[in-house]
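*Asks:* Starting off with a structure, shown below.
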2 protein chains.
Amino acid sequence: MNVIAIATGAGALALAPSIIPPTPVPSAGRDQAATRISPGEIVAAAPASEWVAIAPEDMLVMTLAPAADGAVREVVIQLMPAPYGAGWVENIRTLARARWYDGIAVTRVQDNYVVQWGDPNAEDEAGAKPLPDGLRTTKEADYVVPFGQTRPRQRVVIMSDPYSDMAFYEAGWPLATKDGSAWPVHCYGMVGVGRGMSPDTGSGAELYTVIGHAPRHLDRNIAVVGRVIEGIEHLSSLPRGTGPLGFYEDPAQNVPIASIRIASDLPESERPRFEYLSTEGPAFDRYVEARTSRRDPFFITPARGIDVCNAPVPVRRVSER
Amino acid sequence: MNVIAIATGAGALALAPSIIPPTPVPSAGRDQAATRISPGEIVAAAPASEWVAIAPEDMLVMTLAPAADGAVREVVIQLMPAPYGAGWVENIRTLARARWYDGIAVTRVQDNYVVQWGDPNAEDEAGAKPLPDGLRTTKEADYVVPFGQTRPRQRVVIMSDPYSDMAFYEAGWPLATKDGSAWPVHCYGMVGVGRGMSPDTGSGAELYTVIGHAPRHLDRNIAVVGRVIEGIEHLSSLPRGTGPLGFYEDPAQNVPIASIRIASDLPESERPRFEYLSTEGPAFDRYVEARTSRRDPFFITPARGIDVCNAPVPVRRVSER
């Protein structure tokens with residue numbers, strides 16, 4: 001069974017005390033439904049002090065070529081904070097600043113798996129787009145960081161993660177740990193770095209996002225560098241590719257990417273503003289607990305269990321003032 | 001950590017002996033890559049005797065209105081075998097034979113959640129399509145079956161399921177058990193029965209399929225009655241609805257369904273033929289083991305863990321002879 005515990009400090013995590021016990025099923029049944037609060041209501045009621053602004057330098061704005069009907073298609077990606085995936089994230093900033101991404105394309109859409117974008121001519125030595133100078137070299141060891149390197153603080157812990165000893169959240173991100181290492185996990189919407197066969201770990205020039213059930217077997221095998229926080233529907237609803245691995249067979253099917261910009265490089269009036277619900281505050285604890293045992297009116301039998309990808313960290317756009 | 005065990009007979013499940021231990025990481029490293037077999041290769045090599053034909057009366061062929069470019073959009077759904085969801089499955093056959101589904105529409109597409117179809121005028125008493133006679137009444141208790149009612153046989157068991165005491169497979173379906181009950185689980189592509197607030201458990205006139213991360217919190221709260229076995233991309237790539245819960249705001253956005261037929265009611269030449277890999281045979285055991293600890297060349301660090309929705313039961317179309 002799944003246990004949600006709150007531990008304070010990295011040392012306490014090993015003990016994983018069950019301070020928040022599983023919520024008992026309300027014995028009065030559904031007639032008390034109106035008093036039962038949903039995860040969404042908990043998030044909506046969270047005080048402003050528990051929302052954390054996402055720094056403009058940690059956001060990418062990816063603009064696809066307009067849709068057939070002329071509609072603007074904009075995807076906002078939040079980049080991982082160091083130390084996770086730091087080398088690749090730095091490369092992504094370098095590529096964006098060099099405007100290297102402008103004119104590349106979505107080339108692969110595999111159902112229940114990933115949407116991938118990059119240079120459509122990457123495999124063609126003569127036609128491949130030259131990479132800018134200054135890219136860092138990354139290595140497999142960078143897929144994880146020492147668990148002790150993560151900052152000790154209060155956090156929600158999910159003990160029953162089939163892929164690790166424990167899943168947890170830190171500074172707004174879902175993570176997992178085992179054997180002294182910690183790593184970001186492949187949930188829906190996470191963004192990772194495409195790579196060839198090892199020892200190539202990918203430069204950041206080819207990226208993908210998850211559009212299906214969490215492919216957690218990719219954890220520690222590919223770098224997770226961010227997540228889509230708005231506009232994923234522009235990617236997840238694209239036609240599936242019919243070639244091997246979901247690649248588009250006809251280059252005419254590729255979806256061109258007009259530009260990818262770091263939000264802090266945009267004029268201030270054009271910068272999107274987002275914030276996430278602190279994963280170190282009490283509202284997030286209540287949110288995960290409510291998702292673990294749904295008690296809002298629709299639900300009859302609370303699961304009393306959760307997996308880390310079924311309790312995504314709430315993120316919201318801040319409307320202009 | 002996740003343990004894969006094989007147990008024989010329902011009684012043995014309580015013990016859950018770890019007969020197949022987690023696969024050791026090959027110490028020779030990736031230079032032996034060519035000798036490492038992938039889950040797909042295991043499935044491709046499974047003998048014909050381990051593939052089970054899906055009965056034509058257990059398949060629905062759903063034909064959407066042609067796409068804008070005239071392309072045919074056909075979705076094949078396999079219905080759950082009794083005792084799971086039996087009342088709803090019988091209703092679905094009744095509705096299909098009455099041609100009640102013909103002319104209804106996809107009305108809801110919520111990203112990372114579900115695609116739903118039904119009578120667009122269901123809420124409008126005057127305009128709602130009358131249901132045929134002979135539909136069975138279902139109740140919440142039907143969401144589960146007694147665990148002992150499942151047939152005892154050899155099977156793969158996934159001990160570390162956050163939502164149950166144990167996940168397992170039976171007769172080609174992913175299931176979970178807890179407190180003496182067993183139930184089918186909400187994985188990607190599973191088909192369920194829309195319902196209102198209880199005690200309405202849904203008739204089968206409104207159905208949905210999962211197009212995102214497994215919403216396992218719906219287990220035991222809505223009936224699972226089948227899964228999409230071909231053509232899910234015609235549903236998962238539809239434009240997302242912009243209304244509450246992903247409903248289309250403008251009825252013109254609804255995607256009409258031309259017909260839903262039981263395959264056995266089609267002329268024999270038009271019947272699709274599918275088979276699934278027996279979940280009671282050795283190839284399926286090896287497949288789940290390989291997905292638990294990927295050793296094919298791309299992988300560096302085997303997860304040594306799996307969740308039931310990340311090891312879908314292989315299903316294949318049988319080409320015409």
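Residues are named by chain letter and number: chains run A, B, ... in the order of the structure tokens, numbers start at 1 in each chain, and ligands are numbered from 1 in the order shown.
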Which of stretch 206-280 of chain B counts as alpha helix (DSSP H) under DSSP, as a PDB file with N, CA and C atoms, in the first residue's frame please?
*Replies:*
ATOM      1  N   GLU B 233      -5.280   6.334 -32.434  1.00  0.00           N
ATOM      2  CA  GLU B 233      -4.765   7.630 -32.893  1.00  0.00           C
ATOM      3  C   GLU B 233      -5.867   8.495 -33.517  1.00  0.00           C
ATOM      4  N   HIS B 234      -6.934   7.866 -33.987  1.00  0.00           N
ATOM      5  CA  HIS B 234      -8.046   8.656 -34.535  1.00  0.00           C
ATOM      6  C   HIS B 234      -8.790   9.399 -33.421  1.00  0.00           C
ATOM      7  N   LEU B 235      -8.629   8.943 -32.192  1.00  0.00           N
ATOM      8  CA  LEU B 235      -9.261   9.606 -31.046  1.00  0.00           C
ATOM      9  C   LEU B 235      -8.249  10.491 -30.308  1.00  0.00           C
ATOM     10  N   SER B 236      -7.038   9.947 -30.071  1.00  0.00           N
ATOM     11  CA  SER B 236      -6.074  10.672 -29.237  1.00  0.00           C
ATOM     12  C   SER B 236      -5.522  11.914 -29.933  1.00  0.00           C
TER      13      SER B 236
END
*Asks:* Quick one: everything within 10 Å of B:Tyr143, counting only C-alpha atoms, minus sequence neighbours fewer than 5 positions away in the same chain. Send it as number ranges by chain.
*Replies:* B: 84-86, 138, 181-184, 201, 219-225
*Asks:* Please, could you write that set of residues out with N, CA, C and O atoms as a tab-separated table (two decimals), in the first residue's frame?
*Replies:*
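See out03.tsv below for the written result:
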chain	number	residue	atom	x	y	z
B	84	TYR	N	-16.07	-9.47	-15.57
B	84	TYR	CA	-15.78	-8.04	-15.41
B	84	TYR	C	-16.72	-7.19	-16.25
B	84	TYR	O	-16.84	-7.36	-17.45
B	85	GLY	N	-17.39	-6.26	-15.61
B	85	GLY	CA	-18.24	-5.31	-16.31
B	85	GLY	C	-19.36	-5.94	-17.12
B	85	GLY	O	-19.87	-5.35	-18.07
B	86	ALA	N	-19.76	-7.16	-16.73
B	86	ALA	CA	-20.65	-7.95	-17.59
B	86	ALA	C	-21.96	-7.24	-17.94
B	86	ALA	O	-22.41	-7.29	-19.08
B	138	THR	N	-27.33	-1.74	-13.77
B	138	THR	CA	-26.05	-2.05	-13.14
B	138	THR	C	-25.94	-1.28	-11.84
B	138	THR	O	-26.67	-0.32	-11.62
B	181	SER	N	-11.34	-8.31	-3.43
B	181	SER	CA	-11.98	-7.97	-4.70
B	181	SER	C	-10.93	-7.84	-5.80
B	181	SER	O	-9.77	-7.56	-5.53
B	182	ALA	N	-11.39	-8.02	-7.02
B	182	ALA	CA	-10.52	-7.80	-8.19
B	182	ALA	C	-11.25	-6.88	-9.15
B	182	ALA	O	-12.49	-6.87	-9.20
B	183	TRP	N	-10.49	-6.11	-9.91
B	183	TRP	CA	-11.12	-5.17	-10.85
B	183	TRP	C	-10.16	-4.87	-12.01
B	183	TRP	O	-8.94	-4.95	-11.84
B	184	PRO	N	-10.72	-4.52	-13.18
B	184	PRO	CA	-9.89	-4.10	-14.31
B	184	PRO	C	-9.38	-2.68	-14.08
B	184	PRO	O	-10.07	-1.87	-13.46
B	201	THR	N	-24.96	4.41	-12.50
B	201	THR	CA	-23.67	3.84	-12.84
B	201	THR	C	-23.44	3.82	-14.35
B	201	THR	O	-22.48	3.23	-14.82
B	219	ASP	N	-10.37	3.70	-10.98
B	219	ASP	CA	-10.62	2.26	-10.73
B	219	ASP	C	-11.66	2.11	-9.62
B	219	ASP	O	-11.57	2.79	-8.59
B	220	ARG	N	-12.58	1.22	-9.80
B	220	ARG	CA	-13.64	0.93	-8.82
B	220	ARG	C	-14.63	2.08	-8.65
B	220	ARG	O	-15.49	2.03	-7.78
B	221	ASN	N	-14.46	3.14	-9.48
B	221	ASN	CA	-15.41	4.26	-9.43
B	221	ASN	C	-16.18	4.41	-10.73
B	221	ASN	O	-17.18	5.13	-10.78
B	222	ILE	N	-15.69	3.78	-11.78
B	222	ILE	CA	-16.37	3.75	-13.07
B	222	ILE	C	-16.09	2.37	-13.65
B	222	ILE	O	-15.07	1.76	-13.36
B	223	ALA	N	-17.01	1.91	-14.49
B	223	ALA	CA	-16.85	0.57	-15.07
B	223	ALA	C	-15.87	0.60	-16.23
B	223	ALA	O	-16.00	1.41	-17.14
B	224	VAL	N	-14.88	-0.29	-16.20
B	224	VAL	CA	-14.02	-0.54	-17.36
B	224	VAL	C	-14.64	-1.70	-18.13
B	224	VAL	O	-14.96	-2.74	-17.54
B	225	VAL	N	-14.83	-1.51	-19.41
B	225	VAL	CA	-15.53	-2.52	-20.20
B	225	VAL	C	-14.76	-2.99	-21.42
B	225	VAL	O	-15.22	-3.88	-22.14
*Asks:* What residues in chain B lie within 7 Å of chain A, counting only C-alpha atoms, written as a PDB file with N, CA, C and O atoms, in the first residue's frame?
*Replies:*
ATOM      1  N   MET B   1      10.785  -1.911  -3.809  1.00  0.00           N
ATOM      2  CA  MET B   1      11.181  -2.419  -5.110  1.00  0.00           C
ATOM      3  C   MET B   1      10.130  -3.367  -5.645  1.00  0.00           C
ATOM      4  O   MET B   1       9.403  -3.996  -4.905  1.00  0.00           O
ATOM      5  N   ASN B   2      10.086  -3.439  -6.933  1.00  0.00           N
ATOM      6  CA  ASN B   2       9.068  -4.205  -7.608  1.00  0.00           C
ATOM      7  C   ASN B   2       9.503  -5.658  -7.722  1.00  0.00           C
ATOM      8  O   ASN B   2      10.641  -5.945  -8.004  1.00  0.00           O
ATOM      9  N   ASP B 111      -7.169  16.751 -22.644  1.00  0.00           N
ATOM     10  CA  ASP B 111      -5.763  16.341 -22.762  1.00  0.00           C
ATOM     11  C   ASP B 111      -5.305  15.576 -21.525  1.00  0.00           C
ATOM     12  O   ASP B 111      -5.679  15.892 -20.398  1.00  0.00           O
ATOM     13  N   SER B 160       4.257  -4.479  -6.594  1.00  0.00           N
ATOM     14  CA  SER B 160       4.366  -3.091  -6.143  1.00  0.00           C
ATOM     15  C   SER B 160       3.417  -2.200  -6.935  1.00  0.00           C
ATOM     16  O   SER B 160       3.840  -1.406  -7.757  1.00  0.00           O
ATOM     17  N   ASP B 161       2.119  -2.352  -6.709  1.00  0.00           N
ATOM     18  CA  ASP B 161       1.131  -1.488  -7.346  1.00  0.00           C
ATOM     19  C   ASP B 161       0.626  -0.497  -6.308  1.00  0.00           C
ATOM     20  O   ASP B 161       0.014  -0.900  -5.318  1.00  0.00           O
ATOM     21  N   PRO B 162       0.861   0.800  -6.519  1.00  0.00           N
ATOM     22  CA  PRO B 162       0.456   1.774  -5.490  1.00  0.00           C
ATOM     23  C   PRO B 162      -1.051   1.786  -5.216  1.00  0.00           C
ATOM     24  O   PRO B 162      -1.477   2.313  -4.194  1.00  0.00           O
ATOM     25  N   TYR B 163      -1.844   1.233  -6.145  1.00  0.00           N
ATOM     26  CA  TYR B 163      -3.295   1.355  -6.040  1.00  0.00           C
ATOM     27  C   TYR B 163      -3.986   0.094  -5.535  1.00  0.00           C
ATOM     28  O   TYR B 163      -5.211   0.044  -5.494  1.00  0.00           O
ATOM     29  N   SER B 164      -3.230  -0.932  -5.220  1.00  0.00           N
ATOM     30  CA  SER B 164      -3.844  -2.195  -4.811  1.00  0.00           C
ATOM     31  C   SER B 164      -2.822  -3.006  -4.029  1.00  0.00           C
ATOM     32  O   SER B 164      -1.672  -2.593  -3.881  1.00  0.00           O
ATOM     33  N   ASP B 165      -3.237  -4.176  -3.593  1.00  0.00           N
ATOM     34  CA  ASP B 165      -2.257  -5.069  -2.968  1.00  0.00           C
ATOM     35  C   ASP B 165      -1.370  -5.727  -4.022  1.00  0.00           C
ATOM     36  O   ASP B 165      -0.253  -6.131  -3.745  1.00  0.00           O
ATOM     37  N   TYR B 188      -3.841   3.375 -20.305  1.00  0.00           N
ATOM     38  CA  TYR B 188      -3.991   4.044 -21.605  1.00  0.00           C
ATOM     39  C   TYR B 188      -4.794   3.131 -22.545  1.00  0.00           C
ATOM     40  O   TYR B 188      -4.515   1.936 -22.647  1.00  0.00           O
ATOM     41  N   MET B 197     -23.657  11.398 -11.340  1.00  0.00           N
ATOM     42  CA  MET B 197     -23.402  11.172  -9.932  1.00  0.00           C
ATOM     43  C   MET B 197     -24.193   9.936  -9.519  1.00  0.00           C
ATOM     44  O   MET B 197     -25.245   9.639 -10.047  1.00  0.00           O
ATOM     45  N   ILE B 211      -6.623   8.631 -22.789  1.00  0.00           N
ATOM     46  CA  ILE B 211      -5.582   9.093 -23.734  1.00  0.00           C
ATOM     47  C   ILE B 211      -4.447   9.798 -22.998  1.00  0.00           C
ATOM     48  O   ILE B 211      -3.824  10.711 -23.544  1.00  0.00           O
ATOM     49  N   GLY B 212      -4.172   9.386 -21.776  1.00  0.00           N
ATOM     50  CA  GLY B 212      -3.078  10.010 -21.036  1.00  0.00           C
ATOM     51  C   GLY B 212      -2.544   9.056 -19.993  1.00  0.00           C
ATOM     52  O   GLY B 212      -2.765   7.843 -20.064  1.00  0.00           O
ATOM     53  N   HIS B 213      -1.842   9.638 -19.028  1.00  0.00           N
ATOM     54  CA  HIS B 213      -1.314   8.819 -17.937  1.00  0.00           C
ATOM     55  C   HIS B 213      -2.467   8.103 -17.227  1.00  0.00           C
ATOM     56  O   HIS B 213      -3.522   8.684 -16.999  1.00  0.00           O
ATOM     57  N   ALA B 214      -2.246   6.846 -16.872  1.00  0.00           N
ATOM     58  CA  ALA B 214      -3.304   6.018 -16.296  1.00  0.00           C
ATOM     59  C   ALA B 214      -4.011   6.720 -15.125  1.00  0.00           C
ATOM     60  O   ALA B 214      -3.392   6.958 -14.094  1.00  0.00           O
ATOM     61  N   PRO B 215      -5.298   7.015 -15.272  1.00  0.00           N
ATOM     62  CA  PRO B 215      -6.055   7.660 -14.180  1.00  0.00           C
ATOM     63  C   PRO B 215      -6.600   6.595 -13.233  1.00  0.00           C
ATOM     64  O   PRO B 215      -7.812   6.345 -13.173  1.00  0.00           O
ATOM     65  N   HIS B 217      -7.133   6.465 -10.234  1.00  0.00           N
ATOM     66  CA  HIS B 217      -8.108   6.865  -9.216  1.00  0.00           C
ATOM     67  C   HIS B 217      -9.540   6.582  -9.668  1.00  0.00           C
ATOM     68  O   HIS B 217     -10.462   6.599  -8.859  1.00  0.00           O
ATOM     69  N   ARG B 220     -12.582   1.221  -9.798  1.00  0.00           N
ATOM     70  CA  ARG B 220     -13.638   0.933  -8.816  1.00  0.00           C
ATOM     71  C   ARG B 220     -14.628   2.085  -8.648  1.00  0.00           C
ATOM     72  O   ARG B 220     -15.490   2.032  -7.776  1.00  0.00           O
ATOM     73  N   ASN B 221     -14.462   3.144  -9.476  1.00  0.00           N
ATOM     74  CA  ASN B 221     -15.410   4.259  -9.429  1.00  0.00           C
ATOM     75  C   ASN B 221     -16.182   4.410 -10.732  1.00  0.00           C
ATOM     76  O   ASN B 221     -17.175   5.128 -10.781  1.00  0.00           O
ATOM     77  N   GLU B 233      -5.280   6.334 -32.434  1.00  0.00           N
ATOM     78  CA  GLU B 233      -4.765   7.630 -32.893  1.00  0.00           C
ATOM     79  C   GLU B 233      -5.867   8.495 -33.517  1.00  0.00           C
ATOM     80  O   GLU B 233      -5.752   9.716 -33.528  1.00  0.00           O
ATOM     81  N   SER B 236      -7.038   9.947 -30.071  1.00  0.00           N
ATOM     82  CA  SER B 236      -6.074  10.672 -29.237  1.00  0.00           C
ATOM     83  C   SER B 236      -5.522  11.914 -29.933  1.00  0.00           C
ATOM     84  O   SER B 236      -5.004  12.804 -29.258  1.00  0.00           O
ATOM     85  N   SER B 237      -5.619  11.985 -31.258  1.00  0.00           N
ATOM     86  CA  SER B 237      -5.086  13.161 -31.950  1.00  0.00           C
ATOM     87  C   SER B 237      -6.184  14.169 -32.297  1.00  0.00           C
ATOM     88  O   SER B 237      -5.922  15.142 -33.008  1.00  0.00           O
ATOM     89  N   LEU B 238      -7.402  13.958 -31.808  1.00  0.00           N
ATOM     90  CA  LEU B 238      -8.465  14.938 -32.060  1.00  0.00           C
ATOM     91  C   LEU B 238      -8.158  16.241 -31.318  1.00  0.00           C
ATOM     92  O   LEU B 238      -7.499  16.234 -30.272  1.00  0.00           O
ATOM     93  N   PRO B 239      -8.649  17.355 -31.861  1.00  0.00           N
ATOM     94  CA  PRO B 239      -8.442  18.626 -31.154  1.00  0.00           C
ATOM     95  C   PRO B 239      -9.027  18.560 -29.743  1.00  0.00           C
ATOM     96  O   PRO B 239     -10.085  17.958 -29.537  1.00  0.00           O
ATOM     97  N   ARG B 240      -8.322  19.149 -28.801  1.00  0.00           N
ATOM     98  CA  ARG B 240      -8.798  19.171 -27.422  1.00  0.00           C
ATOM     99  C   ARG B 240      -9.985  20.134 -27.300  1.00  0.00           C
ATOM    100  O   ARG B 240      -9.996  21.197 -27.939  1.00  0.00           O
ATOM    101  N   PHE B 298      19.707   0.219 -26.361  1.00  0.00           N
ATOM    102  CA  PHE B 298      19.577   1.644 -26.023  1.00  0.00           C
ATOM    103  C   PHE B 298      19.726   1.896 -24.531  1.00  0.00           C
ATOM    104  O   PHE B 298      20.132   2.982 -24.111  1.00  0.00           O
ATOM    105  N   PHE B 299      19.413   0.893 -23.719  1.00  0.00           N
ATOM    106  CA  PHE B 299      19.280   1.126 -22.278  1.00  0.00           C
ATOM    107  C   PHE B 299      20.586   0.960 -21.524  1.00  0.00           C
ATOM    108  O   PHE B 299      21.367   0.052 -21.789  1.00  0.00           O
ATOM    109  N   ILE B 300      20.789   1.846 -20.576  1.00  0.00           N
ATOM    110  CA  ILE B 300      22.001   1.878 -19.764  1.00  0.00           C
ATOM    111  C   ILE B 300      21.698   1.315 -18.376  1.00  0.00           C
ATOM    112  O   ILE B 300      22.400   0.458 -17.865  1.00  0.00           O
ATOM    113  N   THR B 301      20.621   1.827 -17.789  1.00  0.00           N
ATOM    114  CA  THR B 301      20.268   1.493 -16.413  1.00  0.00           C
ATOM    115  C   THR B 301      18.882   0.862 -16.400  1.00  0.00           C
ATOM    116  O   THR B 301      17.884   1.552 -16.578  1.00  0.00           O
ATOM    117  N   ALA B 303      15.395  -0.325 -15.156  1.00  0.00           N
ATOM    118  CA  ALA B 303      14.582   0.239 -14.064  1.00  0.00           C
ATOM    119  C   ALA B 303      14.457  -0.733 -12.899  1.00  0.00           C
ATOM    120  O   ALA B 303      14.399  -0.325 -11.749  1.00  0.00           O
ATOM    121  N   ARG B 304      14.399  -2.019 -13.215  1.00  0.00           N
ATOM    122  CA  ARG B 304      14.121  -3.047 -12.203  1.00  0.00           C
ATOM    123  C   ARG B 304      12.802  -2.763 -11.487  1.00  0.00           C
ATOM    124  O   ARG B 304      12.676  -2.958 -10.270  1.00  0.00           O
ATOM    125  N   GLY B 305      11.867  -2.280 -12.237  1.00  0.00           N
ATOM    126  CA  GLY B 305      10.543  -2.016 -11.696  1.00  0.00           C
ATOM    127  C   GLY B 305       9.595  -1.796 -12.856  1.00  0.00           C
ATOM    128  O   GLY B 305      10.027  -1.493 -13.971  1.00  0.00           O
ATOM    129  N   ILE B 306       8.304  -1.941 -12.593  1.00  0.00           N
ATOM    130  CA  ILE B 306       7.320  -1.776 -13.665  1.00  0.00           C
ATOM    131  C   ILE B 306       5.990  -1.447 -13.013  1.00  0.00           C
ATOM    132  O   ILE B 306       5.735  -1.834 -11.870  1.00  0.00           O
ATOM    133  N   ASP B 307       5.165  -0.690 -13.723  1.00  0.00           N
ATOM    134  CA  ASP B 307       3.783  -0.601 -13.281  1.00  0.00           C
ATOM    135  C   ASP B 307       2.915  -1.266 -14.334  1.00  0.00           C
ATOM    136  O   ASP B 307       3.294  -1.350 -15.510  1.00  0.00           O
ATOM    137  N   ASN B 310       2.441   0.079 -17.737  1.00  0.00           N
ATOM    138  CA  ASN B 310       3.622   0.226 -18.588  1.00  0.00           C
ATOM    139  C   ASN B 310       4.065  -1.125 -19.160  1.00  0.00           C
ATOM    140  O   ASN B 310       5.131  -1.233 -19.745  1.00  0.00           O
TER     141      ASN B 310
END
*Asks:* Please list as a count of residues only every residue within 7 Å of B:Ala283, counting only C-alpha atoms and excluding residues in the same chain fewer than 5 positions away.
*Replies:* 3
*Asks:* Taking the backbone alone, and naming residues the way the document does, which bits of stretch 78-218 of chain B are strand (DSSP E or B) by DSSP, as a VMD selection string?
*Replies:* chain B and resid 78 to 79 105 to 109 114 to 118 145 to 146 155 to 158 166 to 170 173 to 178 181 to 184 190 to 193 207 to 210
*Asks:* For B:Ala45, list every protein, DNA or RNA residue within 12 Å, evaluated using only C-alpha atoms, and leave out those in the same chain fewer than 6 positions away; present the list as a PyMOL selection string.
*Replies:* chain B and resi 37-39+51+277+282-284+286-287
*Asks:* Can you write out the residues you just picked, keeping N, CA, C and O atoms, as a PDB file, in the first residue's frame?
*Replies:*
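Below is the file part24.pdb, written as the result:
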ATOM      1  N   ILE B  37      17.928  -9.043 -25.789  1.00  0.00           N
ATOM      2  CA  ILE B  37      16.678  -9.095 -26.533  1.00  0.00           C
ATOM      3  C   ILE B  37      15.705  -8.055 -25.975  1.00  0.00           C
ATOM      4  O   ILE B  37      15.643  -7.818 -24.774  1.00  0.00           O
ATOM      5  N   SER B  38      14.952  -7.428 -26.851  1.00  0.00           N
ATOM      6  CA  SER B  38      14.007  -6.398 -26.431  1.00  0.00           C
ATOM      7  C   SER B  38      12.634  -7.023 -26.193  1.00  0.00           C
ATOM      8  O   SER B  38      12.339  -8.117 -26.679  1.00  0.00           O
ATOM      9  N   PRO B  39      11.764  -6.307 -25.455  1.00  0.00           N
ATOM     10  CA  PRO B  39      10.402  -6.820 -25.270  1.00  0.00           C
ATOM     11  C   PRO B  39       9.714  -7.100 -26.608  1.00  0.00           C
ATOM     12  O   PRO B  39       9.038  -8.121 -26.767  1.00  0.00           O
ATOM     13  N   TRP B  51      -0.599 -17.274 -28.913  1.00  0.00           N
ATOM     14  CA  TRP B  51      -1.495 -16.190 -29.323  1.00  0.00           C
ATOM     15  C   TRP B  51      -2.932 -16.697 -29.283  1.00  0.00           C
ATOM     16  O   TRP B  51      -3.216 -17.811 -29.704  1.00  0.00           O
ATOM     17  N   LEU B 277      -1.476 -11.847 -26.941  1.00  0.00           N
ATOM     18  CA  LEU B 277      -0.483 -12.782 -26.406  1.00  0.00           C
ATOM     19  C   LEU B 277      -1.012 -13.310 -25.077  1.00  0.00           C
ATOM     20  O   LEU B 277      -1.315 -12.525 -24.166  1.00  0.00           O
ATOM     21  N   PRO B 282       4.623 -18.636 -21.246  1.00  0.00           N
ATOM     22  CA  PRO B 282       5.985 -18.204 -20.896  1.00  0.00           C
ATOM     23  C   PRO B 282       6.468 -16.964 -21.649  1.00  0.00           C
ATOM     24  O   PRO B 282       7.256 -16.196 -21.110  1.00  0.00           O
ATOM     25  N   ALA B 283       5.985 -16.724 -22.882  1.00  0.00           N
ATOM     26  CA  ALA B 283       6.470 -15.548 -23.616  1.00  0.00           C
ATOM     27  C   ALA B 283       6.027 -14.268 -22.910  1.00  0.00           C
ATOM     28  O   ALA B 283       6.791 -13.297 -22.824  1.00  0.00           O
ATOM     29  N   PHE B 284       4.806 -14.268 -22.390  1.00  0.00           N
ATOM     30  CA  PHE B 284       4.334 -13.069 -21.691  1.00  0.00           C
ATOM     31  C   PHE B 284       5.158 -12.824 -20.426  1.00  0.00           C
ATOM     32  O   PHE B 284       5.492 -11.681 -20.106  1.00  0.00           O
ATOM     33  N   ARG B 286       8.264 -13.568 -20.006  1.00  0.00           N
ATOM     34  CA  ARG B 286       9.555 -13.015 -20.432  1.00  0.00           C
ATOM     35  C   ARG B 286       9.406 -11.565 -20.886  1.00  0.00           C
ATOM     36  O   ARG B 286      10.280 -10.733 -20.653  1.00  0.00           O
ATOM     37  N   TYR B 287       8.280 -11.279 -21.532  1.00  0.00           N
ATOM     38  CA  TYR B 287       8.009  -9.912 -21.999  1.00  0.00           C
ATOM     39  C   TYR B 287       7.929  -8.945 -20.816  1.00  0.00           C
ATOM     40  O   TYR B 287       8.549  -7.876 -20.820  1.00  0.00           O
TER      41      TYR B 287
END
*Asks:* Which polymer residues have any atom within 10 Å of an atom of A:Pro130, counting only C-alpha atoms, with same-chain residues fewer than 6 positions away left out, as a count of residues only?
*Replies:* 3
*Asks:* Please, which residues in stretch 94-131 of chain A fall within 12 Å of stretch 55-70 of chain A when counting only C-alpha atoms, and what is the closest atom pair and distance in Å to one decimal for each, ordered by chain then residue number, as a Markdown table?
*Replies:*
| residue | atom | partner | partner_atom | distance |
| --- | --- | --- | --- | --- |
| A:Thr94 | CA | A:Glu57 | CA | 11.9 |
| A:Leu95 | CA | A:Leu60 | CA | 11.4 |
| A:Ala96 | CA | A:Leu60 | CA | 8.4 |
| A:Arg97 | CA | A:Leu60 | CA | 10.8 |
| A:Arg99 | CA | A:Met62 | CA | 11.6 |
| A:Tyr101 | CA | A:Met62 | CA | 9.2 |
| A:Asp102 | CA | A:Thr63 | CA | 9.1 |
| A:Gly103 | CA | A:Ala65 | CA | 9.2 |
| A:Ile104 | CA | A:Leu64 | CA | 9.8 |
| A:Ala105 | CA | A:Leu64 | CA | 8.3 |
| A:Val106 | CA | A:Leu64 | CA | 8.9 |
| A:Trp117 | CA | A:Leu64 | CA | 10.8 |
*Asks:* Please produce an output containing C-alpha atoms for each residue in the selection, written as a CSV table (one decimal), in the first residue's frame.
*Replies:*
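Output contents, as saved in out.csv:
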chain,number,residue,atom,x,y,z
A,94,THR,CA,22.9,28.4,-25.8
A,95,LEU,CA,21.0,26.9,-28.7
A,96,ALA,CA,18.0,29.2,-28.1
A,97,ARG,CA,20.2,32.3,-27.9
A,99,ARG,CA,18.5,31.0,-32.7
A,101,TYR,CA,16.1,26.1,-33.1
A,102,ASP,CA,14.4,28.5,-35.4
A,103,GLY,CA,13.2,26.6,-38.5
A,104,ILE,CA,13.7,23.1,-37.1
A,105,ALA,CA,10.5,20.9,-36.9
A,106,VAL,CA,8.5,18.3,-35.1
A,117,TRP,CA,11.5,17.9,-32.5
*Asks:* Quick one: residues within 6 Å of B:Phe247, only C-alpha atoms counted, chain neighbours fewer than 3 positions away excluded, as a PDB file with C-alpha atoms, in the first residue's frame?
*Replies:*
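Okay, result.pdb is ready:
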ATOM      1  CA  THR B 107     -18.163  15.355 -27.621  1.00  0.00           C
ATOM      2  CA  ARG B 108     -15.220  15.599 -25.237  1.00  0.00           C
ATOM      3  CA  GLY B 241     -12.101  20.639 -26.229  1.00  0.00           C
ATOM      4  CA  GLY B 243     -14.984  23.879 -22.528  1.00  0.00           C
TER       5      GLY B 243
END
*Asks:* Just checking: using only C-alpha atoms, which residue out of A:Pro272, A:Gly204, A:Gly281, A:Gly246 ends up closest to A:Gly118?
*Replies:* A:Gly204
